[in-house]
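A.B. asks: Got a structure for you, questions after.
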Amino acid sequence: MTTSKSTTGRRAATVAGATAAALALWALADSIIGSGLTVRHGEQIGPGAVAVASLFAGLSGWALLAVLERVLSRPRRVWTFTALVVLALSLPGALGADGAAGTAALVGMHLIVAAVLVPGMARSPRVPMTNRNN
């Protein structure tokens with residue numbers, strides 16, 4: 001599959017932006033909470049985990065969109081719906097933080113990643129059908 005440099009650049013910037021936004025929210029939450037962001041079984045959520053989870057979400061979404069663009073005539077509609085379903089399914093996991101502040105931070109990180117990825121990926125230019133088999 002051939003993608004244009006502008007499409008690749010925009011999608012990479014979207015993934016990086018989602019990751020940066022999640023890390024910024026983590027840093028803010030960590031400074032407010034003071035004792036670190038933890039989930040109920042005592043595990044600390046650090047910047048590495050936030051970065052990996054955000055990158056995984058972004059790169060997975062990008063890969064799915066690339067596949068959908070190859071096989072569907074309206075890939076963005078399907079991708080956006082799928083991304084919102086994945087967000088909805090991920091939110092209950094964010095409720096596992098210790099305390100209201102931790103829960104708000106985790107839910108916020110899920111939402112901020114989605115707020116960057118969904119419109120960013122959905123608006124990135126589609127590779128023309130004529131360039132796909134070159």
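A note on labels: chains of the structure tokens are A, B, ... as shown, every chain counts residues from 1, and ligands are counted from 1 in their shown order.
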Give me, as a ChimeraX atom specification, the residues of chain A that a backbone DSSP run labels helix (DSSP H, G or I).
C.D. replies: /A:5-33,47-71,75-94,99-123,129-131
A.B. asks: Skipping near chain neighbours, those fewer than 2 positions away, what residues fall within 12 Å of Leu95 of chain A using only C-alpha atoms, listed as a JSON list (two decimals) with N, CA, C and O atoms, in the first residue's frame?
C.D. replies:
```json
[["chain", "number", "residue", "atom", "x", "y", "z"],
["A", 38, "THR", "N", -2.60, 5.62, 41.04],
["A", 38, "THR", "CA", -2.58, 4.17, 41.24],
["A", 38, "THR", "C", -3.95, 3.59, 40.93],
["A", 38, "THR", "O", -4.97, 4.26, 41.03],
["A", 39, "VAL", "N", -3.94, 2.33, 40.55],
["A", 39, "VAL", "CA", -5.18, 1.59, 40.37],
["A", 39, "VAL", "C", -5.45, 0.79, 41.64],
["A", 39, "VAL", "O", -4.59, 0.69, 42.51],
["A", 40, "ARG", "N", -6.62, 0.25, 41.74],
["A", 40, "ARG", "CA", -7.08, -0.37, 43.00],
["A", 40, "ARG", "C", -6.17, -1.48, 43.51],
["A", 40, "ARG", "O", -6.06, -1.68, 44.69],
["A", 89, "LEU", "N", -15.95, 1.06, 25.34],
["A", 89, "LEU", "CA", -15.58, -0.20, 25.99],
["A", 89, "LEU", "C", -14.37, -0.03, 26.92],
["A", 89, "LEU", "O", -14.21, -0.80, 27.87],
["A", 90, "SER", "N", -13.53, 0.96, 26.65],
["A", 90, "SER", "CA", -12.35, 1.16, 27.48],
["A", 90, "SER", "C", -12.64, 1.93, 28.76],
["A", 90, "SER", "O", -11.88, 1.84, 29.73],
["A", 91, "LEU", "N", -13.69, 2.70, 28.78],
["A", 91, "LEU", "CA", -13.96, 3.56, 29.93],
["A", 91, "LEU", "C", -14.19, 2.81, 31.24],
["A", 91, "LEU", "O", -13.72, 3.27, 32.29],
["A", 92, "PRO", "N", -14.88, 1.69, 31.26],
["A", 92, "PRO", "CA", -15.03, 0.99, 32.54],
["A", 92, "PRO", "C", -13.69, 0.59, 33.17],
["A", 92, "PRO", "O", -13.55, 0.61, 34.39],
["A", 93, "GLY", "N", -12.70, 0.30, 32.37],
["A", 93, "GLY", "CA", -11.37, -0.01, 32.89],
["A", 93, "GLY", "C", -10.74, 1.18, 33.58],
["A", 93, "GLY", "O", -9.95, 1.03, 34.52],
["A", 97, "ALA", "N", -9.26, 3.21, 39.20],
["A", 97, "ALA", "CA", -8.24, 3.98, 39.91],
["A", 97, "ALA", "C", -8.62, 4.15, 41.37],
["A", 97, "ALA", "O", -9.79, 4.05, 41.74],
["A", 98, "ASP", "N", -7.61, 4.43, 42.19],
["A", 98, "ASP", "CA", -7.86, 4.75, 43.60],
["A", 98, "ASP", "C", -8.38, 6.18, 43.69],
["A", 98, "ASP", "O", -7.71, 7.11, 43.25],
["A", 99, "GLY", "N", -9.55, 6.33, 44.25],
["A", 99, "GLY", "CA", -10.10, 7.66, 44.53],
["A", 99, "GLY", "C", -10.72, 8.34, 43.33],
["A", 99, "GLY", "O", -10.52, 7.97, 42.18],
["A", 100, "ALA", "N", -11.47, 9.38, 43.64],
["A", 100, "ALA", "CA", -12.18, 10.14, 42.61],
["A", 100, "ALA", "C", -11.21, 10.88, 41.70],
["A", 100, "ALA", "O", -11.41, 10.94, 40.48],
["A", 101, "ALA", "N", -10.15, 11.43, 42.25],
["A", 101, "ALA", "CA", -9.18, 12.18, 41.44],
["A", 101, "ALA", "C", -8.48, 11.25, 40.46],
["A", 101, "ALA", "O", -8.28, 11.60, 39.28],
["A", 102, "GLY", "N", -8.10, 10.07, 40.91],
["A", 102, "GLY", "CA", -7.45, 9.11, 40.02],
["A", 102, "GLY", "C", -8.38, 8.63, 38.93],
["A", 102, "GLY", "O", -7.99, 8.50, 37.77],
["A", 103, "THR", "N", -9.63, 8.38, 39.31],
["A", 103, "THR", "CA", -10.62, 7.95, 38.32],
["A", 103, "THR", "C", -10.84, 9.05, 37.28],
["A", 103, "THR", "O", -10.87, 8.78, 36.08],
["A", 104, "ALA", "N", -10.97, 10.29, 37.76],
["A", 104, "ALA", "CA", -11.16, 11.41, 36.83],
["A", 104, "ALA", "C", -9.96, 11.53, 35.90],
["A", 104, "ALA", "O", -10.12, 11.80, 34.70],
["A", 105, "ALA", "N", -8.77, 11.33, 36.42],
["A", 105, "ALA", "CA", -7.56, 11.43, 35.59],
["A", 105, "ALA", "C", -7.53, 10.33, 34.53],
["A", 105, "ALA", "O", -7.24, 10.60, 33.36],
["A", 106, "LEU", "N", -7.83, 9.10, 34.92],
["A", 106, "LEU", "CA", -7.81, 8.00, 33.95],
["A", 106, "LEU", "C", -8.90, 8.17, 32.89],
["A", 106, "LEU", "O", -8.64, 7.96, 31.70],
["A", 107, "VAL", "N", -10.09, 8.53, 33.32],
["A", 107, "VAL", "CA", -11.17, 8.77, 32.35],
["A", 107, "VAL", "C", -10.76, 9.93, 31.43],
["A", 107, "VAL", "O", -10.93, 9.86, 30.22],
["A", 108, "GLY", "N", -10.20, 10.98, 32.02],
["A", 108, "GLY", "CA", -9.76, 12.11, 31.22],
["A", 108, "GLY", "C", -8.71, 11.73, 30.19],
["A", 108, "GLY", "O", -8.74, 12.21, 29.06],
["A", 109, "MET", "N", -7.78, 10.85, 30.56],
["A", 109, "MET", "CA", -6.75, 10.42, 29.61],
["A", 109, "MET", "C", -7.37, 9.64, 28.46],
["A", 109, "MET", "O", -6.99, 9.82, 27.30],
["A", 110, "HIS", "N", -8.33, 8.77, 28.77],
["A", 110, "HIS", "CA", -9.02, 8.04, 27.70],
["A", 110, "HIS", "C", -9.72, 9.03, 26.76],
["A", 110, "HIS", "O", -9.63, 8.91, 25.53]]
```
A.B. asks: Just to confirm, what's the straight-line distance from atom CA of Thr14 of chain A to atom CA of Gly58 of chain A in Å (one decimal)?
C.D. replies: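 Separating atom CA of Thr14 of chain A from atom CA of Gly58 of chain A is a distance of 7.9 Å.
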A.B. asks: Just how far from atom CA of Val50 of chain A is atom CA of Gly36 of chain A, in Å to one decimal?
C.D. replies: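 Atom-to-atom, atom CA of Gly36 of chain A to atom CA of Val50 of chain A, that is 13.0 Å.
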A.B. asks: Set the distance at 8 Å and use only C-alpha atoms: which residues neighbour Ala122 of chain A once local chain neighbours fewer than 6 positions away are removed? I'd like the list as a list in words.
C.D. replies: Arg76, Trp79 and Thr80 of chain A
A.B. asks: Only all heavy atoms, please: the residues just picked out, written as a PDB file, in the first residue's frame.
C.D. replies:
```pdb
ATOM      1  N   ARG A  76     -13.957   6.012   6.626  1.00  0.00           N
ATOM      2  CA  ARG A  76     -13.928   6.914   7.785  1.00  0.00           C
ATOM      3  C   ARG A  76     -15.161   6.759   8.659  1.00  0.00           C
ATOM      4  O   ARG A  76     -15.072   6.853   9.868  1.00  0.00           O
ATOM      5  CB  ARG A  76     -13.754   8.349   7.328  1.00  0.00           C
ATOM      6  CG  ARG A  76     -12.320   8.603   6.949  1.00  0.00           C
ATOM      7  CD  ARG A  76     -12.111  10.054   6.578  1.00  0.00           C
ATOM      8  NE  ARG A  76     -10.780  10.216   6.068  1.00  0.00           N
ATOM      9  CZ  ARG A  76     -10.403   9.865   4.848  1.00  0.00           C
ATOM     10  NH1 ARG A  76     -11.246   9.337   4.021  1.00  0.00           N
ATOM     11  NH2 ARG A  76      -9.156  10.036   4.475  1.00  0.00           N
ATOM     12  N   TRP A  79     -14.588   3.587  10.550  1.00  0.00           N
ATOM     13  CA  TRP A  79     -13.500   3.787  11.494  1.00  0.00           C
ATOM     14  C   TRP A  79     -13.947   4.632  12.680  1.00  0.00           C
ATOM     15  O   TRP A  79     -13.654   4.300  13.830  1.00  0.00           O
ATOM     16  CB  TRP A  79     -12.294   4.441  10.809  1.00  0.00           C
ATOM     17  CG  TRP A  79     -11.136   4.539  11.733  1.00  0.00           C
ATOM     18  CD1 TRP A  79     -10.179   3.584  11.929  1.00  0.00           C
ATOM     19  CD2 TRP A  79     -10.825   5.599  12.635  1.00  0.00           C
ATOM     20  NE1 TRP A  79      -9.288   4.007  12.897  1.00  0.00           N
ATOM     21  CE2 TRP A  79      -9.670   5.241  13.341  1.00  0.00           C
ATOM     22  CE3 TRP A  79     -11.417   6.826  12.913  1.00  0.00           C
ATOM     23  CZ2 TRP A  79      -9.090   6.056  14.294  1.00  0.00           C
ATOM     24  CZ3 TRP A  79     -10.846   7.646  13.876  1.00  0.00           C
ATOM     25  CH2 TRP A  79      -9.693   7.253  14.553  1.00  0.00           C
ATOM     26  N   THR A  80     -14.645   5.720  12.413  1.00  0.00           N
ATOM     27  CA  THR A  80     -15.093   6.602  13.498  1.00  0.00           C
ATOM     28  C   THR A  80     -16.033   5.860  14.433  1.00  0.00           C
ATOM     29  O   THR A  80     -15.902   5.946  15.662  1.00  0.00           O
ATOM     30  CB  THR A  80     -15.765   7.861  12.927  1.00  0.00           C
ATOM     31  OG1 THR A  80     -14.813   8.554  12.113  1.00  0.00           O
ATOM     32  CG2 THR A  80     -16.247   8.777  14.032  1.00  0.00           C
TER      33      THR A  80
END
```
A.B. asks: Considering only C-alpha atoms, return as a list in words whatever protein or nucleic-acid residues lie within 8 Å of Arg10 of chain A, sequence-local ones (same chain, fewer than 3 positions apart) excluded.
C.D. replies: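 Within the cut-off, the hits are Ser6, Thr7, Ala13, Thr14, Gly120 and Ser124 of chain A.
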A.B. asks: Give me, as a tab-separated table, the closest atom pair and its distance (Å, one decimal) for every residue of segment 37-108 of chain A within a cut-off of 12 Å of segment 114-118 of chain A, counting only C-alpha atoms, rows sorted by chain and rising number.
C.D. replies:
```
residue	atom	partner	partner_atom	distance
A:Ser54	CA	A:Ala114	CA	9.5
A:Leu55	CA	A:Leu117	CA	10.6
A:Phe56	CA	A:Leu117	CA	11.7
A:Ala57	CA	A:Leu117	CA	8.7
A:Gly58	CA	A:Leu117	CA	6.6
A:Leu59	CA	A:Leu117	CA	9.9
A:Ser60	CA	A:Leu117	CA	10.8
A:Gly61	CA	A:Leu117	CA	8.0
A:Trp62	CA	A:Leu117	CA	9.0
A:Leu65	CA	A:Val118	CA	10.8
A:Arg76	CA	A:Val118	CA	9.7
A:Arg77	CA	A:Val118	CA	10.8
A:Val78	CA	A:Val118	CA	11.6
A:Trp79	CA	A:Val118	CA	8.6
A:Thr80	CA	A:Val118	CA	6.4
A:Phe81	CA	A:Val118	CA	9.5
A:Thr82	CA	A:Val118	CA	9.9
A:Ala83	CA	A:Val118	CA	6.8
A:Leu84	CA	A:Ala114	CA	7.9
A:Val85	CA	A:Ala114	CA	10.9
A:Val86	CA	A:Ala114	CA	9.6
A:Leu87	CA	A:Ala114	CA	7.0
A:Ala88	CA	A:Ala114	CA	10.2
A:Ser90	CA	A:Ala114	CA	10.8
A:Leu91	CA	A:Ala114	CA	11.1
A:Val107	CA	A:Ala114	CA	10.8
A:Gly108	CA	A:Ala114	CA	9.8
```
A.B. asks: Rank nothing, just name the residue among A:Gly96, A:Val113, A:Ala29, A:Val15 nearest to Glu43 of chain A, using only C-alpha atoms.
C.D. replies: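 Distance minimum relative to Glu43 of chain A lands on A:Gly96.
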A.B. asks: Could you write out, as a list in words, all the residues of segment 6-120 of chain A that DSSP marks as strand (DSSP E or B)?
C.D. replies: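 Reading the DSSP output for segment 6-120 of chain A, strand (DSSP E or B) covers Thr38, Val39, Gln44 and Ala97 of chain A.
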A.B. asks: What's the 8 Å shell around Ala27 of chain A, counting only C-alpha atoms, without same-chain residues fewer than 4 positions away, as a list of chain:residue names?
C.D. replies: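 Surrounding residues, per the criterion: A:Leu23, A:Ser31, A:Pro47.
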